[in-house]
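Working notes, beginning with the structure itself.
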Amino acid sequence: MVVEKRITGEPTGVESESITIETPDESLTVENVELTDDGGAIVNPIEDEPENEFDQNLAELLSDDDLNMISSDLIGDYKEDKSSREEWHDAYSKGLKLLGFNYEDRSQPFQGASGVTHPLLSETVTQFQAQAYKELLPANGPVRTQIIGSSDSQKEEQAQRVQEFMNYQIMHVMEDFDPDLDQMLFYLPLSGSSFKKVYYDSTLDRAVSKFVPSEDVVVPYTATDLASAERITHVLRRNENEIRKLQVQGFYSDVEIKEQTEEPNSQIQDAVNKLDGVRKTGSGYSNDNYTLLEIHCELDLPGFEDEDGIKLPYIVTIDEGSQKVLSIYRNYDEKDTLKKKKQYFVHYKFLPGLGFYGFGLIHMLGGLSRTATAALRQLLDAGTLANLPAGFKARGLRIRDDDNPIQPGEFRDVDAPSGDLRAGLMPLPYKGADATLFQLLGFVVQAGQRFATIADQKIGDSVAANAPVGTTMALIERGSRVMSAIHKRLHYAQKTEFNLLARVFKEFYSPMYPYDVGKNAVPSIKSGDFDERIDIIPVSDPNIFSMSQRVTLAQTQLQMAQSDPNQHNLYEAYKRMYQALGVKDIDAILPVPKPDAPKDPGLENSDALMGKKLIAFRGQAHQQHIEAHRVFMSSLLVRSNPQASTLLQAHVMEHVSLLAREQVEAQMNQVIEQEAQKFGGQIPPQLQMEFQKQVEVQVADLVSNFISEMFIEEQESMQPQGQDPLISLKEQELQLRAQDIQRKAQNDSQKLELDAAKLDQQAKIAQDKIDSNEDIAQLRANVNLDKQKN
């Protein structure tokens, strides 16, 4: 072994050298060796440079010049983006005053003029918030799942686990989800746009879905949506302690930060503070006075350039006060070859708008709200002037304490030089509240309510109680088209939010469920559950947003199911009706129907007598069932009950069919196994179809043979038997009926003879009477002739 010494510095008693050790196979060089005076050596290992981990803060690896250049460019872009939306910013800040939460003290047109604001805008905002909040966050959780593609038991269990886990996290673990959604739904109809930011918070050690006001999300002028936006800037307000925690954890670089002298979005914040009735007090107030700019953008970082020269997505956080970069993180997955940017924001829109930001009620009802406020103030001012009139008085007219207004019931002394008090006073002609102005106010308010209606219609006032359900549904839909479209947009945005949450659960959460997932399920497959096989969607229906709609639809389904129970599932129809009504513990009042199970022949015979449907199952003792049913069918009890006889005959045919099929399949399985061995264990599809045809043919032949045998047995078993009591009764009944008919016929004949005799007698009496009258007439004629002759 040969040792080569290289002195790296001036000798000072301890020399640092490099030693080369030669061996028969190779040579080994050891750097940074210190030689001592006694001839020894101290080998100091060289510290390895820190590895470039994918998830580390890249700001720690860049030079100060590169960081200053990145900060300068991004802050300049942010200021340009912010200035491009100043008009939207001003309109929003001014529109907040239309809520009317504060009473305005006015001195024009006179001191004490009305400062009330019409509640048109605040009423519509409150109604929307209450309706949407109830639909988007139901009591049992807002998440449901559906299976993509074919379904099986494994996928169904997976979908159930995902649904239960996400609802558990949202309703119990994510404590800020509920209040943030509530607040977001109040801001949304005002500004037209609100945002949710979904991410994993390392300080809270859980997922977060944070509400972000629209004024704190700044995008370029050319942006149309979040996915295609070149740059997204999230304005964060943090106190010093929060920033220091993240610096200690290593999430932010340990650099000096500076307080922001001017708050961003100060006009909107001032308007919000005025509505809340809060303000800063004292010069030492500095809470949340640090403004951070979290910019989601695409950069070409020095030392991390893409080989194709493409800018890569990053998240850069800058302290606006000191303009120093706190962190730079990659914003794409490590295994993603396309390096697509990851999205953290969800855009909720009230109305689509003409650009990136949506339109809210401030934009759509701002003019109507201002008009309603102006009309209301004029009506109140006119009433005030009419109740407290003013005018002119003569200069020489002296009134005691004329500086103080006259109180009700008060009389004062007046010195009138002319002696006529009326001649010295002239009131101004205030005519009081105008009826036309009052009608205009009602028109404006109705126009605003029609646009922003929540479809809480009184169906009983517009439709008769017995009106068809379709008519009621049509009226509800007609009055709720605007809200229906808004709710569909909320449904789409919430689905996007849940998908982002699922990504957070998959990437950051431990692989164990916090609760029992069942006997057959494995609790350690959480990450694997959130895959493309399961689609996560909101519980809310995009087509139904009110309880009246939901109940009416469920009632229609129930009516249709009751009209034809054989074609519908009545249990499911009743269950949906209870769900629409919001009934809890439905299983307690609506028991779940038990699945059909095989029964013995005795129970089947009993069910037949009660008119219940009979079902045959595979694997039953079909021959014994057939014999038992045939014996029972020969009894007088069944023969006198046509319905039971029909049910049993149909049930016997089911057993015959299953018996034949099981026998044929048992024989064919042996043949199929032998043929499968010839083809390596798998039969070709054409041969499988041929076997299936043979099975059907043999089953039909065997069923025909069984029925023929049953018919022959019945013919052979028929023997002469005694007279059936029932037949005897029937014959006696027929004889009695015949006798009765014969008796009635005799009575009728006798009656006819008697009637004929009566008619003959009456005819004879009539003829005798005629003859008597003729004789009397002849006698009278003879008497008259005799008189004439005499």
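How things are named: the first chain in the structure tokens is A, the next is B, and so on; residues count from 1 in each chain; ligands count from 1 in the order shown.
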Skipping near chain neighbours, those fewer than 2 positions away, what residues fall within 9 Å of segment 562-576 of chain A using only C-alpha atoms, listed as a JSON list (two decimals) with N, CA, C and O atoms, in the first residue's frame?
```json
[["chain", "number", "residue", "atom", "x", "y", "z"],
["A", 551, "VAL", "N", -91.19, 16.66, -1.87],
["A", 551, "VAL", "CA", -92.37, 15.96, -1.38],
["A", 551, "VAL", "C", -93.36, 15.68, -2.50],
["A", 551, "VAL", "O", -93.95, 14.60, -2.59],
["A", 554, "ALA", "N", -92.04, 12.78, -4.60],
["A", 554, "ALA", "CA", -92.20, 11.51, -3.89],
["A", 554, "ALA", "C", -93.66, 11.09, -3.83],
["A", 554, "ALA", "O", -93.98, 9.90, -3.95],
["A", 555, "GLN", "N", -94.56, 12.05, -3.67],
["A", 555, "GLN", "CA", -95.98, 11.73, -3.64],
["A", 555, "GLN", "C", -96.45, 11.21, -5.00],
["A", 555, "GLN", "O", -97.26, 10.27, -5.06],
["A", 557, "GLN", "N", -94.60, 9.55, -7.18],
["A", 557, "GLN", "CA", -94.08, 8.19, -7.29],
["A", 557, "GLN", "C", -94.93, 7.21, -6.48],
["A", 557, "GLN", "O", -95.21, 6.10, -6.94],
["A", 558, "LEU", "N", -95.33, 7.62, -5.29],
["A", 558, "LEU", "CA", -96.14, 6.74, -4.44],
["A", 558, "LEU", "C", -97.51, 6.48, -5.07],
["A", 558, "LEU", "O", -98.01, 5.35, -5.04],
["A", 559, "GLN", "N", -98.11, 7.48, -5.65],
["A", 559, "GLN", "CA", -99.41, 7.30, -6.29],
["A", 559, "GLN", "C", -99.31, 6.34, -7.48],
["A", 559, "GLN", "O", -100.18, 5.49, -7.67],
["A", 560, "MET", "N", -98.27, 6.48, -8.26],
["A", 560, "MET", "CA", -98.08, 5.58, -9.40],
["A", 560, "MET", "C", -97.83, 4.15, -8.94],
["A", 560, "MET", "O", -98.32, 3.19, -9.54],
["A", 578, "TYR", "N", -91.08, 9.05, 2.96],
["A", 578, "TYR", "CA", -90.65, 9.40, 4.31],
["A", 578, "TYR", "C", -89.35, 10.21, 4.28],
["A", 578, "TYR", "O", -89.17, 11.13, 5.08],
["A", 579, "GLN", "N", -88.44, 9.85, 3.38],
["A", 579, "GLN", "CA", -87.20, 10.60, 3.27],
["A", 579, "GLN", "C", -87.45, 12.03, 2.83],
["A", 579, "GLN", "O", -86.81, 12.97, 3.30],
["A", 580, "ALA", "N", -88.38, 12.22, 1.89],
["A", 580, "ALA", "CA", -88.70, 13.57, 1.43],
["A", 580, "ALA", "C", -89.30, 14.41, 2.56],
["A", 580, "ALA", "O", -89.07, 15.61, 2.65],
["A", 581, "LEU", "N", -90.05, 13.77, 3.44],
["A", 581, "LEU", "CA", -90.65, 14.48, 4.57],
["A", 581, "LEU", "C", -89.65, 14.72, 5.70],
["A", 581, "LEU", "O", -89.96, 15.43, 6.66],
["A", 586, "ILE", "N", -86.69, 5.65, 9.85],
["A", 586, "ILE", "CA", -87.76, 5.15, 8.98],
["A", 586, "ILE", "C", -87.97, 3.66, 9.19],
["A", 586, "ILE", "O", -89.11, 3.17, 9.14],
["A", 587, "ASP", "N", -86.91, 2.91, 9.46],
["A", 587, "ASP", "CA", -87.05, 1.46, 9.63],
["A", 587, "ASP", "C", -87.93, 1.10, 10.82],
["A", 587, "ASP", "O", -88.49, 0.00, 10.87],
["A", 590, "LEU", "N", -91.39, 1.63, 9.14],
["A", 590, "LEU", "CA", -91.53, 0.95, 7.85],
["A", 590, "LEU", "C", -90.52, -0.20, 7.81],
["A", 590, "LEU", "O", -89.38, -0.02, 7.37],
["A", 591, "PRO", "N", -90.91, -1.36, 8.31],
["A", 591, "PRO", "CA", -89.96, -2.48, 8.38],
["A", 591, "PRO", "C", -89.44, -2.86, 7.00],
["A", 591, "PRO", "O", -90.17, -2.85, 6.01],
["A", 592, "VAL", "N", -88.17, -3.22, 6.97],
["A", 592, "VAL", "CA", -87.55, -3.64, 5.72],
["A", 592, "VAL", "C", -88.10, -5.02, 5.34],
["A", 592, "VAL", "O", -88.10, -5.94, 6.17],
["A", 593, "PRO", "N", -88.62, -5.19, 4.12],
["A", 593, "PRO", "CA", -89.17, -6.50, 3.73],
["A", 593, "PRO", "C", -88.08, -7.56, 3.69],
["A", 593, "PRO", "O", -86.96, -7.33, 3.22]]
```
Practice item. For Asp600 of chain A, work out the shell of residues within 10 Å, counting only C-alpha atoms and skipping chain neighbours fewer than 5 positions away, then give it as number ranges by chain. Key: A: 605, 620-621, 624-625, 628
Review point. Can you list, as a ChimeraX atom specification, every residue of segment 582-739 of chain A that DSSP puts in helix (DSSP H, G or I)?
Key: /A:586-589,601-609,622-633,636-639,642-678,685-717,725-739
Point to revise | Exercise: segment 126-136 of chain A partners within 9 Å, only C-alpha atoms, chain neighbours under 5 positions left out, as a VMD selection string | key: chain A and resid 121 142 181 to 189 452 to 454 483 487 490 to 491 494 538 to 541 545 to 546
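Atom to atom, atom CA of Glu80 of chain A and atom CA of Ile295 of chain A stand 13.6 Å apart.
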Practice item. Name all residues at most 10 Å from segment 692-707 of chain A (count only C-alpha atoms; drop same-chain ones fewer than 5 positions away) and give them as an NGL selection string. Key: :A and (653 or 656-665 or 667-668 or 686-687 or 712-713)
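Distances from A:Asp65, A:Asp336, A:Glu507, A:Glu259 to Ser322 of chain A were compared using only C-alpha atoms, and the smallest one belongs to A:Glu259.
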Exercise for review: For each of A:Ala588, A:Ala756, A:Val218, A:Ala372, take the minimum atom-to-atom distance to Leu440 of chain A, counting only C-alpha atoms, then give the residue where this is smallest.
Suggested key: A:Ala372
Review point. Within 10 Å of Asp225 of chain A, counting only C-alpha atoms, which residues qualify if same-chain residues fewer than 2 places away don't, as number ranges by chain?
Key: A: 219, 222-223, 227-230, 347, 355-357
N, CA and C atoms of the current selection, written as a PDB file, in the first residue's frame:
```pdb
ATOM      1  N   VAL A 219     -56.993  37.425 -10.220  1.00  0.00           N
ATOM      2  CA  VAL A 219     -56.578  36.707 -11.423  1.00  0.00           C
ATOM      3  C   VAL A 219     -56.301  37.729 -12.523  1.00  0.00           C
ATOM      4  N   THR A 222     -57.297  38.523 -18.463  1.00  0.00           N
ATOM      5  CA  THR A 222     -57.677  37.603 -19.541  1.00  0.00           C
ATOM      6  C   THR A 222     -58.234  36.275 -19.046  1.00  0.00           C
ATOM      7  N   ALA A 223     -58.239  36.051 -17.738  1.00  0.00           N
ATOM      8  CA  ALA A 223     -58.682  34.760 -17.207  1.00  0.00           C
ATOM      9  C   ALA A 223     -60.189  34.599 -17.375  1.00  0.00           C
ATOM     10  N   ALA A 227     -59.102  26.954 -14.068  1.00  0.00           N
ATOM     11  CA  ALA A 227     -58.242  25.946 -14.691  1.00  0.00           C
ATOM     12  C   ALA A 227     -57.292  26.552 -15.712  1.00  0.00           C
ATOM     13  N   SER A 228     -57.759  27.563 -16.463  1.00  0.00           N
ATOM     14  CA  SER A 228     -56.926  28.152 -17.513  1.00  0.00           C
ATOM     15  C   SER A 228     -56.274  29.461 -17.097  1.00  0.00           C
ATOM     16  N   ALA A 229     -56.455  29.887 -15.856  1.00  0.00           N
ATOM     17  CA  ALA A 229     -55.872  31.161 -15.413  1.00  0.00           C
ATOM     18  C   ALA A 229     -54.351  31.065 -15.391  1.00  0.00           C
ATOM     19  N   GLU A 230     -53.708  32.059 -15.956  1.00  0.00           N
ATOM     20  CA  GLU A 230     -52.241  32.081 -15.979  1.00  0.00           C
ATOM     21  C   GLU A 230     -51.649  32.247 -14.590  1.00  0.00           C
ATOM     22  N   HIS A 347     -64.525  27.537  -7.472  1.00  0.00           N
ATOM     23  CA  HIS A 347     -65.232  28.785  -7.768  1.00  0.00           C
ATOM     24  C   HIS A 347     -66.731  28.539  -7.725  1.00  0.00           C
ATOM     25  N   GLY A 355     -67.439  37.605 -17.537  1.00  0.00           N
ATOM     26  CA  GLY A 355     -66.008  37.374 -17.449  1.00  0.00           C
ATOM     27  C   GLY A 355     -65.699  36.325 -16.407  1.00  0.00           C
ATOM     28  N   PHE A 356     -64.596  36.520 -15.687  1.00  0.00           N
ATOM     29  CA  PHE A 356     -64.196  35.539 -14.679  1.00  0.00           C
ATOM     30  C   PHE A 356     -65.122  35.580 -13.468  1.00  0.00           C
ATOM     31  N   TYR A 357     -65.417  36.778 -12.967  1.00  0.00           N
ATOM     32  CA  TYR A 357     -66.242  36.907 -11.781  1.00  0.00           C
ATOM     33  C   TYR A 357     -67.730  36.832 -12.164  1.00  0.00           C
TER      34      TYR A 357
END
```
